[in-house]
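Everything below belongs to protein.cif, which stores mmCIF, C-alpha atoms.
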data_data
loop_
_atom_site.label_atom_id
_atom_site.label_comp_id
_atom_site.auth_asym_id
_atom_site.auth_seq_id
_atom_site.Cartn_x
_atom_site.Cartn_y
_atom_site.Cartn_z
CA PHE Y 559 12.85 -11.69 6.25
CA PRO Y 560 10.40 -14.54 5.95
CA VAL Y 561 6.77 -13.57 6.33
CA THR Y 562 3.94 -15.10 8.31
CA ILE Y 563 0.55 -14.60 6.66
CA SER Y 564 -2.25 -14.95 9.19
CA CYS Y 565 -5.75 -15.26 7.72
CA MET Y 566 -9.00 -15.38 9.70
CA MET Y 567 -12.12 -15.69 7.62
CA LYS Y 568 -15.36 -13.72 7.81
CA SER Y 569 -15.96 -13.07 11.47
CA ILE Y 570 -14.36 -9.66 11.95
CA PRO Y 571 -13.48 -6.90 9.43
CA ARG Y 572 -11.39 -8.16 6.54
CA GLN Y 573 -8.62 -5.58 6.82
CA SER Y 574 -7.64 -6.99 10.22
CA LEU Y 575 -8.24 -10.63 9.26
CA PHE Y 576 -5.49 -10.81 6.67
CA SER Y 577 -2.77 -9.07 8.65
CA CYS Y 578 0.83 -9.80 7.78
CA ALA Y 579 3.42 -10.05 10.57
CA LEU Y 580 7.17 -10.53 10.25
CA SER Y 581 8.52 -13.72 11.75
CA LEU Y 582 11.89 -15.44 11.56
CA LEU Y 583 11.15 -18.99 10.43
CA GLY Y 584 14.54 -20.19 9.20
CA MET Y 585 14.84 -22.70 6.41
CA LEU Y 586 12.63 -25.71 5.72
CA GLY Y 587 13.64 -29.33 5.48
CA THR Y 588 17.10 -30.42 4.47
CA PRO Y 589 19.85 -27.93 3.55
CA GLY Y 590 19.18 -26.49 0.12
CA SER Y 591 15.62 -27.79 0.01
CA LEU Y 592 14.30 -24.33 -0.80
CA PHE Y 593 17.08 -23.61 -3.31
CA GLY Y 594 17.94 -20.35 -1.57
CA GLN Y 595 14.37 -19.18 -0.87
CA ALA Y 596 13.37 -18.22 2.67
CA ALA Y 597 10.51 -20.10 4.28
CA THR Y 598 7.13 -18.44 4.68
CA ALA Y 599 4.27 -19.54 6.92
CA TYR Y 600 0.61 -19.26 5.94
CA LEU Y 601 -1.89 -19.60 8.80
CA PRO Y 602 -5.48 -19.68 7.51
CA VAL Y 603 -8.19 -19.62 10.15
CA VAL Y 604 -11.69 -20.69 9.08
CA GLU Y 605 -14.50 -19.31 11.19
CA PRO Y 606 -18.05 -20.76 11.13
CA GLY Y 607 -19.90 -19.56 8.04
CA ARG Y 608 -18.87 -19.23 4.40
CA SER Y 609 -15.54 -18.14 2.99
CA LEU Y 610 -13.27 -18.36 -0.03
CA ILE Y 611 -9.70 -19.37 0.72
CA GLY Y 612 -6.61 -19.36 -1.48
CA VAL Y 613 -3.01 -20.29 -0.74
CA PRO Y 614 -0.43 -17.63 -1.72
CA LEU Y 615 2.52 -20.01 -1.37
CA ASP Y 616 3.97 -23.09 -3.06
CA TYR Y 617 5.46 -26.18 -1.49
CA PRO Y 618 9.27 -26.09 -1.67
CA PRO Y 619 10.66 -27.70 -4.84
CA LEU Y 620 11.93 -31.26 -4.75
CA LEU Y 621 14.07 -30.85 -7.84
CA SER Y 622 15.31 -28.04 -10.05
CA GLY Y 623 17.01 -28.18 -13.42
CA ASN Y 624 16.90 -27.27 -17.08
CA ILE Y 625 15.08 -28.97 -19.94
CA SER Y 626 17.57 -30.14 -22.54
CA ARG Y 627 15.01 -31.60 -24.93
CA PHE Y 628 11.46 -32.78 -25.41
CA LEU Y 629 11.11 -36.55 -25.87
CA PRO Y 630 7.86 -37.16 -27.79
CA PRO Y 631 5.20 -37.89 -27.01
CA SER Y 632 5.24 -37.22 -23.26
CA SER Y 633 8.69 -37.01 -21.63
CA LEU Y 634 11.34 -34.39 -20.92
CA GLN Y 635 15.10 -34.78 -20.56
CA LEU Y 636 16.49 -32.68 -17.71
CA ALA Y 637 20.07 -31.49 -17.48
CA GLU Y 638 21.91 -29.92 -14.53
CA SER Y 639 19.30 -31.11 -12.05
CA ASP Y 640 19.60 -30.36 -8.34
CA SER Y 641 17.68 -32.39 -5.76
CA SER Y 642 16.45 -31.05 -2.42
CA GLY Y 643 17.60 -34.24 -0.73
CA GLU Y 644 14.11 -35.71 -0.67
CA SER Y 645 13.57 -39.16 -2.21
CA TRP Y 646 12.50 -38.52 -5.79
CA PRO Y 647 10.09 -39.23 -7.30
CA LEU Y 648 7.69 -39.35 -4.37
CA SER Y 649 5.46 -42.39 -4.22
CA SER Y 650 2.73 -40.81 -2.10
CA HIS Y 651 2.29 -37.37 -3.69
CA HIS Y 652 1.12 -35.98 -6.99
CA CYS Y 653 3.73 -33.65 -8.42
CA TYR Y 654 3.99 -31.10 -11.20
CA LEU Y 655 6.72 -29.44 -13.20
CA GLU Y 656 6.72 -25.64 -13.32
CA ILE Y 657 8.65 -23.45 -15.76
CA VAL Y 658 10.33 -20.68 -13.74
CA GLY Y 659 12.72 -19.13 -16.27
CA PRO Y 660 14.33 -17.59 -18.19
CA PHE Y 661 12.23 -14.45 -18.02
CA ASN Y 662 11.71 -14.31 -21.79
CA HIS Y 663 11.00 -18.03 -22.26
CA PRO Y 664 7.63 -18.65 -23.99
CA TRP Y 665 6.74 -21.31 -21.40
CA LEU Y 666 7.38 -19.15 -18.34
CA GLY Y 667 4.74 -19.81 -15.67
CA HIS Y 668 3.26 -22.93 -17.30
CA ARG Y 669 2.76 -26.17 -15.37
CA LEU Y 670 2.82 -29.77 -16.56
CA GLU Y 671 1.57 -32.73 -14.54
CA LEU Y 672 3.92 -35.63 -13.90
CA ASP Y 673 3.21 -39.31 -14.33
CA GLU Y 674 4.97 -40.49 -11.17
CA VAL Y 675 4.77 -44.20 -12.04
CA ALA Y 676 6.26 -43.71 -15.53
CA THR Y 677 8.90 -41.35 -14.15
CA ARG Y 678 10.12 -43.99 -11.71
CA LYS Y 679 10.57 -46.37 -14.66
CA ALA Y 680 12.28 -43.81 -16.91
CA GLY Y 681 15.99 -43.37 -17.32
CA ALA Y 682 18.19 -40.95 -15.40
CA GLY Y 683 17.18 -37.32 -15.81
CA VAL Y 684 13.92 -38.17 -17.61
CA VAL Y 685 10.51 -37.09 -16.32
CA ALA Y 686 7.29 -38.46 -17.80
CA LEU Y 687 4.24 -36.22 -18.20
CA ASP Y 688 0.59 -37.04 -17.64
CA LEU Y 689 -0.97 -35.71 -20.83
CA ALA Y 690 -4.46 -36.78 -19.75
CA SER Y 691 -4.50 -34.44 -16.75
CA THR Y 692 -6.82 -31.42 -16.92
CA LEU Y 693 -4.33 -29.53 -14.74
CA ASN Y 694 -1.80 -29.10 -17.56
CA THR Y 695 -1.76 -25.46 -18.62
CA ALA Y 696 -0.53 -26.26 -22.16
CA TRP Y 697 0.41 -29.18 -24.43
CA PRO Y 698 4.17 -29.99 -24.40
CA ARG Y 699 6.20 -28.98 -27.47
CA PRO Y 700 9.86 -29.00 -28.57
CA ASP Y 701 10.25 -25.30 -27.65
CA LEU Y 702 10.29 -26.33 -23.97
CA ALA Y 703 14.04 -26.87 -24.46
CA GLY Y 704 16.12 -24.36 -22.53
CA ALA Y 705 13.52 -23.73 -19.84
CA SER Y 706 14.49 -23.65 -16.18
CA VAL Y 707 12.10 -25.79 -14.14
CA VAL Y 708 11.26 -26.94 -10.64
CA ILE Y 709 9.25 -29.97 -9.56
CA ARG Y 710 6.91 -29.57 -6.60
CA PRO Y 711 4.35 -31.72 -4.79
CA HIS Y 712 0.76 -30.55 -5.16
CA LEU Y 713 -1.15 -28.89 -2.36
CA THR Y 714 -4.35 -30.81 -1.53
CA LEU Y 715 -7.26 -30.32 0.85
CA GLN Y 716 -6.02 -33.30 2.83
CA GLY Y 717 -2.54 -31.84 3.07
CA LEU Y 718 -3.87 -28.48 4.24
CA PHE Y 719 -6.62 -29.55 6.64
CA GLU Y 720 -6.45 -33.26 7.53
CA LYS Y 721 -4.00 -33.07 10.43
CA ASN Y 722 -6.11 -30.50 12.26
CA LEU Y 723 -9.40 -32.23 11.45
CA SER Y 724 -8.15 -35.55 12.82
CA TYR Y 725 -8.44 -34.05 16.33
CA ARG Y 726 -12.07 -33.07 15.75
CA LEU Y 727 -13.64 -36.25 14.40
CA ALA Y 728 -16.61 -36.07 16.78
CA GLU Y 729 -17.70 -32.80 15.13
CA LEU Y 730 -17.55 -34.06 11.54
CA ARG Y 731 -21.14 -35.10 11.08
CA ALA Y 732 -22.67 -34.94 7.59
CA GLU Y 733 -22.51 -31.45 6.10
CA ALA Y 734 -20.56 -30.04 9.05
CA LEU Y 735 -17.79 -28.89 6.71
CA LYS Y 736 -18.07 -28.48 2.94
CA PHE Y 737 -15.44 -27.63 0.35
CA TRP Y 738 -16.19 -26.64 -3.25
CA LEU Y 739 -13.32 -27.05 -5.72
CA SER Y 740 -12.94 -25.78 -9.27
CA ALA Y 741 -13.51 -28.32 -12.02
CA ALA Y 742 -12.08 -27.98 -15.52
CA GLY Y 743 -14.86 -26.96 -17.89
CA GLY Y 744 -17.62 -27.39 -15.31
CA PRO Y 745 -19.13 -25.98 -12.12
CA PRO Y 746 -17.35 -26.33 -8.76
CA TRP Y 747 -17.86 -29.72 -7.09
CA LEU Y 748 -18.43 -30.59 -3.45
CA VAL Y 749 -16.10 -32.52 -1.13
CA GLU Y 750 -16.75 -33.28 2.55
CA PRO Y 751 -14.46 -34.62 5.29
CA ARG Y 752 -16.33 -37.00 7.59
CA SER Y 753 -15.57 -39.22 10.56
CA SER Y 754 -15.55 -42.87 9.54
CA PRO Y 755 -17.64 -45.47 11.44
CA GLN Y 756 -14.43 -47.49 11.66
CA GLY Y 757 -12.59 -44.52 13.13
CA GLY Y 758 -10.41 -41.98 11.39
CA LEU Y 759 -11.17 -39.42 8.72
CA VAL Y 760 -12.55 -40.01 5.23
CA TRP Y 761 -13.13 -37.57 2.38
CA ALA Y 762 -16.28 -38.04 0.34
CA ALA Y 763 -18.08 -36.56 -2.65
CA LEU Y 764 -21.67 -36.79 -3.82
CA SER Y 765 -21.71 -38.45 -7.25
CA LYS Y 766 -24.92 -39.40 -9.08
CA GLY Y 767 -26.87 -39.40 -5.85
CA ARG Y 768 -24.34 -41.58 -4.02
CA ILE Y 769 -21.54 -40.85 -1.61
CA ARG Y 770 -18.17 -42.03 -2.92
CA PRO Y 771 -14.70 -41.87 -1.32
CA VAL Y 772 -12.33 -39.21 -2.64
CA GLN Y 773 -8.63 -39.80 -3.18
CA GLU Y 774 -6.06 -37.15 -2.36
CA GLY Y 775 -5.21 -36.66 -6.02
CA GLU Y 776 -8.78 -35.44 -6.62
CA THR Y 777 -8.57 -32.56 -4.13
CA ILE Y 778 -5.60 -30.73 -5.64
CA LEU Y 779 -5.63 -26.96 -5.18
CA PRO Y 780 -3.54 -25.61 -8.09
CA PRO Y 781 -1.72 -22.26 -7.86
CA GLY Y 782 -4.11 -19.38 -8.46
CA LYS Y 783 -7.22 -21.32 -7.41
CA SER Y 784 -9.32 -20.97 -4.26
CA VAL Y 785 -11.66 -23.28 -2.39
CA GLN Y 786 -15.11 -22.26 -1.20
CA VAL Y 787 -15.75 -23.36 2.38
CA GLU Y 788 -18.96 -23.66 4.37
CA SER Y 789 -18.29 -24.45 8.02
CA ARG Y 790 -20.97 -25.46 10.51
CA LEU Y 791 -18.39 -26.29 13.12
CA LEU Y 792 -19.03 -24.54 16.43
CA THR Y 793 -15.51 -23.17 16.74
CA THR Y 794 -12.63 -21.97 14.59
CA LEU Y 795 -10.73 -24.37 12.35
CA ARG Y 796 -7.02 -23.55 12.28
CA THR Y 797 -4.33 -24.92 10.04
CA SER Y 798 -0.93 -23.94 8.68
CA LEU Y 799 1.34 -24.33 5.68
CA THR Y 800 5.00 -23.49 5.31
CA GLY Y 801 6.20 -22.85 1.79
CA VAL Y 802 7.91 -20.43 -0.56
CA PRO Y 803 6.54 -17.40 -2.42
CA LYS Y 804 6.18 -17.43 -6.18
CA THR Y 805 8.32 -14.84 -8.01
CA HIS Y 806 7.32 -15.42 -11.63
CA PRO Y 807 4.06 -15.36 -13.66
CA CYS Y 808 1.49 -18.04 -12.95
CA ARG Y 809 -0.60 -19.48 -15.79
CA SER Y 810 -4.17 -20.25 -14.81
CA PRO Y 811 -6.49 -21.05 -17.76
CA LEU Y 812 -10.12 -20.10 -17.20
CA SER Y 813 -13.31 -21.77 -18.36
CA ALA Y 814 -16.55 -20.02 -19.26
CA GLY Y 815 -18.75 -19.60 -16.19
CA PRO Y 816 -17.62 -19.55 -12.55
CA ASN Y 817 -13.93 -19.94 -11.65
CA LEU Y 818 -12.70 -20.04 -8.04
CA LEU Y 819 -9.54 -17.92 -7.96
CA ALA Y 820 -7.03 -16.40 -5.54
CA TYR Y 821 -3.96 -14.24 -6.09
CA PRO Y 822 -1.02 -16.71 -5.94
CA TYR Y 823 1.38 -14.22 -4.30
CA PRO Y 824 1.72 -13.23 -0.60
CA ALA Y 825 0.68 -9.64 -1.26
CA PRO Y 826 -2.57 -7.68 -1.52
CA MET Y 827 -4.19 -7.79 -4.97
CA ARG Y 828 -5.41 -4.45 -6.35
CA LEU Y 829 -8.30 -5.02 -8.74
CA GLY Y 830 -7.57 -3.54 -12.15
CA PHE Y 831 -3.90 -3.00 -11.29
CA ASP Y 832 -2.23 -6.22 -10.16
CA TRP Y 833 -4.95 -8.35 -11.74
CA GLY Y 834 -8.02 -7.71 -13.90
CA ASN Y 835 -6.34 -4.90 -15.78
CA PRO Y 836 -7.33 -4.27 -19.40
CA SER Y 837 -6.19 -7.19 -21.55
CA PRO Y 838 -7.57 -9.26 -24.43
CA GLY Y 839 -8.81 -11.83 -21.91
CA VAL Y 840 -11.04 -9.45 -19.90
CA ILE Y 841 -14.47 -9.04 -21.48
CA GLY Y 842 -16.28 -5.79 -20.81
CA SER Y 843 -19.64 -4.40 -21.85
CA SER Y 844 -22.05 -1.57 -21.16
CA GLU Y 845 -24.57 -4.27 -20.21
CA VAL Y 846 -24.12 -6.05 -16.89
CA ARG Y 847 -25.10 -9.48 -18.22
CA ASN Y 848 -22.44 -9.34 -20.96
CA SER Y 849 -19.48 -8.43 -18.74
CA ASP Y 850 -16.94 -10.51 -16.82
CA GLN Y 851 -17.74 -10.36 -13.09
CA ILE Y 852 -15.86 -10.90 -9.83
CA SER Y 853 -17.57 -11.64 -6.48
CA PHE Y 854 -16.02 -11.54 -3.00
CA TRP Y 855 -16.82 -10.69 0.62
CA SER Y 856 -16.99 -7.04 1.72
CA GLN Y 857 -14.43 -5.73 4.21
CA ASP Y 858 -16.89 -6.03 7.09
CA ALA Y 859 -17.73 -9.60 5.92
CA ARG Y 860 -21.45 -8.79 5.85
CA ARG Y 861 -22.02 -8.46 2.10
CA PHE Y 862 -21.05 -10.52 -0.89
CA LEU Y 863 -20.02 -7.90 -3.45
CA THR Y 864 -20.00 -8.27 -7.21
CA TYR Y 865 -18.07 -6.08 -9.64
CA GLY Y 866 -18.32 -6.16 -13.42
CA TYR Y 867 -16.01 -4.90 -16.13
CA PHE Y 868 -17.82 -1.85 -17.53
CA GLN Y 869 -16.67 -0.98 -21.05
CA PRO Y 870 -18.90 1.11 -23.33
CA SER Y 871 -18.93 0.23 -27.01
CA GLY Y 872 -16.01 1.81 -28.81
CA SER Y 873 -14.02 2.51 -25.64
CA PRO Y 874 -10.42 1.20 -25.75
CA GLN Y 875 -10.61 -0.02 -22.16
CA GLY Y 876 -13.02 -0.32 -19.27
CA ILE Y 877 -13.18 -0.08 -15.47
CA TRP Y 878 -14.45 -2.33 -12.68
CA ARG Y 879 -17.72 -1.08 -11.22
CA GLU Y 880 -19.97 -2.53 -8.55
CA ILE Y 881 -23.10 -4.33 -9.72
CA ARG Y 882 -26.19 -3.67 -7.62
CA SER Y 883 -29.45 -5.57 -7.42
CA LEU Y 884 -31.84 -4.28 -4.77
CA GLY Y 885 -35.04 -6.04 -3.84
CA GLY Y 886 -34.86 -8.50 -6.72
CA SER Y 887 -34.48 -5.72 -9.30
CA VAL Y 888 -32.58 -6.19 -12.54
CA PRO Y 889 -28.82 -5.84 -11.83
CA SER Y 890 -27.45 -2.42 -12.74
CA TRP Y 891 -24.15 -0.57 -12.64
CA GLY Y 892 -23.15 1.22 -9.46
CA ALA Y 893 -20.64 4.01 -9.13
CA GLN Y 894 -16.94 3.61 -9.78
CA PRO Y 895 -15.23 2.92 -6.43
CA PRO Y 896 -13.42 6.03 -5.08
CA GLN Y 897 -10.44 3.88 -4.04
CA PRO Y 898 -8.92 0.74 -5.56
CA VAL Y 899 -10.62 -2.50 -4.54
CA ILE Y 900 -8.08 -4.58 -2.60
CA LEU Y 901 -8.22 -8.30 -1.80
CA GLU Y 902 -5.84 -9.44 0.91
CA PRO Y 903 -3.39 -12.37 0.67
CA GLY Y 904 -5.19 -15.70 0.77
CA GLU Y 905 -8.57 -14.17 0.01
CA GLY Y 906 -10.43 -15.96 -2.77
CA TRP Y 907 -13.03 -14.77 -5.22
CA ILE Y 908 -15.42 -16.10 -7.85
CA TYR Y 909 -14.64 -14.95 -11.38
CA ARG Y 910 -17.54 -15.45 -13.79
CA LYS Y 911 -16.22 -15.47 -17.34
CA ILE Y 912 -18.36 -14.76 -20.39
CA SER Y 913 -16.06 -16.99 -22.44
CA ALA Y 914 -13.07 -19.22 -21.74
CA ASP Y 915 -9.60 -17.69 -21.50
CA PRO Y 916 -6.90 -20.38 -22.01
CA ASN Y 917 -4.14 -17.74 -21.81
CA HIS Y 918 -5.09 -16.21 -18.46
CA THR Y 919 -1.99 -15.39 -16.40
CA PHE Y 920 -1.38 -13.97 -12.92
CA ASN Y 921 1.61 -11.65 -12.67
CA PRO Y 922 3.64 -10.72 -9.57
CA PRO Y 923 2.44 -7.55 -7.81
CA LYS Y 924 3.53 -4.27 -9.31
CA PRO Y 925 5.65 -1.83 -7.27
#

Reformat the file's structure so that it appears as structure tokens.
Amino acid sequence: FPVTISCMMKSIPRQSLFSCALSLLGMLGTPGSLFGQAATAYLPVVEPGRSLIGVPLDYPPLLSGNISRFLPPSSLQLAESDSSGESWPLSSHHCYLEIVGPFNHPWLGHRLELDEVATRKAGAGVVALDLASTLNTAWPRPDLAGASVVIRPHLTLQGLFEKNLSYRLAELRAEALKFWLSAAGGPPWLVEPRSSPQGGLVWAALSKGRIRPVQEGETILPPGKSVQVESRLLTTLRTSLTGVPKTHPCRSPLSAGPNLLAYPYPAPMRLGFDWGNPSPGVIGSSEVRNSDQISFWSQDARRFLTYGYFQPSGSPQGIWREIRSLGGSVPSWGAQPPQPVILEPGEGWIYRKISADPNHTFNPPKP
């Protein structure tokens, strides 16, 4: 059955916030628009305070097909394409192409950004890629041939929150609601929704000491990423998204420093088991400052916990252990947790990487 994921952030214990309840939701959009996948509803609820929110669903695909060949330098020829019935390509949305099969294809889980303008001008069955986008997970090559793909619209902050915020314009004073988004190769950057003096809602960012308007294409929330929220609203902010669950690996390259992440599947994430398990990309050390670290809210939402990957020199693999720093003391290793650390669906975290990992991949939850 389809699943409703209900997420309330940081006001009551976490294990009850991210409860999952079964709900019959039917199919989305036009017949065949989900290509056989059942609809799933995600219902994040943002309470006043700070939180990290991810989205464990994708928008339904607009098009599916197979890549017959790569057309250098930046186009792909699709064969056997199947449209959802939506007008394609969309003129008002930024879209991406995702490789969803076969299971052994070297490009499985990668995403390539589309150039919507060039695609509209291209011939039948041809999609043009935006090679300048920092959201591409790899550079296109001839070995893309044979891949099964879908094309989806991107999820954006506007798409997720704007409808609900439009009813609360009187509350959107400066700094009433802040969103921090991941930036490729740099620290997270700040976006704020505000009520416009002319009426309506505007999205703004602070750039070089000045407020500038933000376009929807700048607030994309890619699969596997989270957004950090600080809400000074007096009451709960509710929103919803209906989409489809991902069933294949999800590529999510990481930069050195802080990365805002979330498990891109509608299932709990067990640290060190479903994600963060020993791999060449996870850097461990016997010294706290030299280890990869993950930070997230405690289950009672009162503490911001940090775990590091503890791996003594010469050990073939390490373990995640809590990092403690009491009274301004130098951070030190705590005990190994007696039970696996679990982050619930839609719960984000900050992953501080010692060095970049261009090959980082999320995998579906293990049995």

* Residue contacts of Y:Gly704 (10 Å, only C-alpha atoms) excluding same-chain residues fewer than 6 positions away, as an NGL selection string -> :Y and (623-627 or 636-637 or 659-660 or 663 or 665)

Here's the selection I'm unsure about, the PyMOL selection byres ((chain Y and resi 850) around 8); applied to the file above, which residues does it give, as a JSON list (two decimals) with C-alpha atoms, in the coordinates of the input?
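Now in result00.json:
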[["chain", "number", "residue", "atom", "x", "y", "z"],
["Y", 840, "VAL", "CA", -11.04, -9.45, -19.90],
["Y", 841, "ILE", "CA", -14.47, -9.04, -21.48],
["Y", 842, "GLY", "CA", -16.28, -5.79, -20.81],
["Y", 848, "ASN", "CA", -22.44, -9.34, -20.96],
["Y", 849, "SER", "CA", -19.48, -8.43, -18.74],
["Y", 851, "GLN", "CA", -17.74, -10.36, -13.09],
["Y", 852, "ILE", "CA", -15.86, -10.90, -9.83],
["Y", 866, "GLY", "CA", -18.32, -6.16, -13.42],
["Y", 867, "TYR", "CA", -16.01, -4.90, -16.13],
["Y", 909, "TYR", "CA", -14.64, -14.95, -11.38],
["Y", 910, "ARG", "CA", -17.54, -15.45, -13.79],
["Y", 911, "LYS", "CA", -16.22, -15.47, -17.34],
["Y", 912, "ILE", "CA", -18.36, -14.76, -20.39]]

* Quick one: pull the distance between atom CA of Y:Val888 and atom CA of Y:Phe862, Å, one decimal. => 17.0 Å

* Asked: Of the candidates Y:Asn694, Y:Asn817, Y:Ser843, Y:Ser754, which shows the shortest atom-to-atom distance to Y:Leu739, using only C-alpha atoms?
  ->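 Between Y:Asn694, Y:Asn817, Y:Ser843, Y:Ser754, the residue approaching Y:Leu739 most closely is Y:Asn817.
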
* Mind telling me what the PyMOL selection byres ((chain Y and resi 615) around 9) catches here, as a ChimeraX atom specification? -> /Y:598-600,613-614,616-617,781,799-804,822-824

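The nearest approach to Y:Ala914 among the residues Y:Ser813, Y:Ser883, Y:Thr695, Y:Ser609, with only C-alpha atoms taken into account, belongs to Y:Ser813.
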
* To do: Output the residue selection produced by the PyMOL selection byres ((chain Y and resi 687) around 8) on the file above, formatted as a PyMOL selection string.
  => chain Y and resi 632-634+670-673+685-686+688-689

* Can you work out the spacing between atom CA of Y:Pro898 and atom CA of Y:Pro826 in Å, to one decimal? =>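 Result for atom CA of Y:Pro898 versus atom CA of Y:Pro826: 11.3 Å, one decimal.
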
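Using all atoms listed in the file, the nearest neighbour of Y:Lys783 within the list Y:Glu733, Y:Asp832, Y:Glu905, Y:Glu720 is Y:Glu905.
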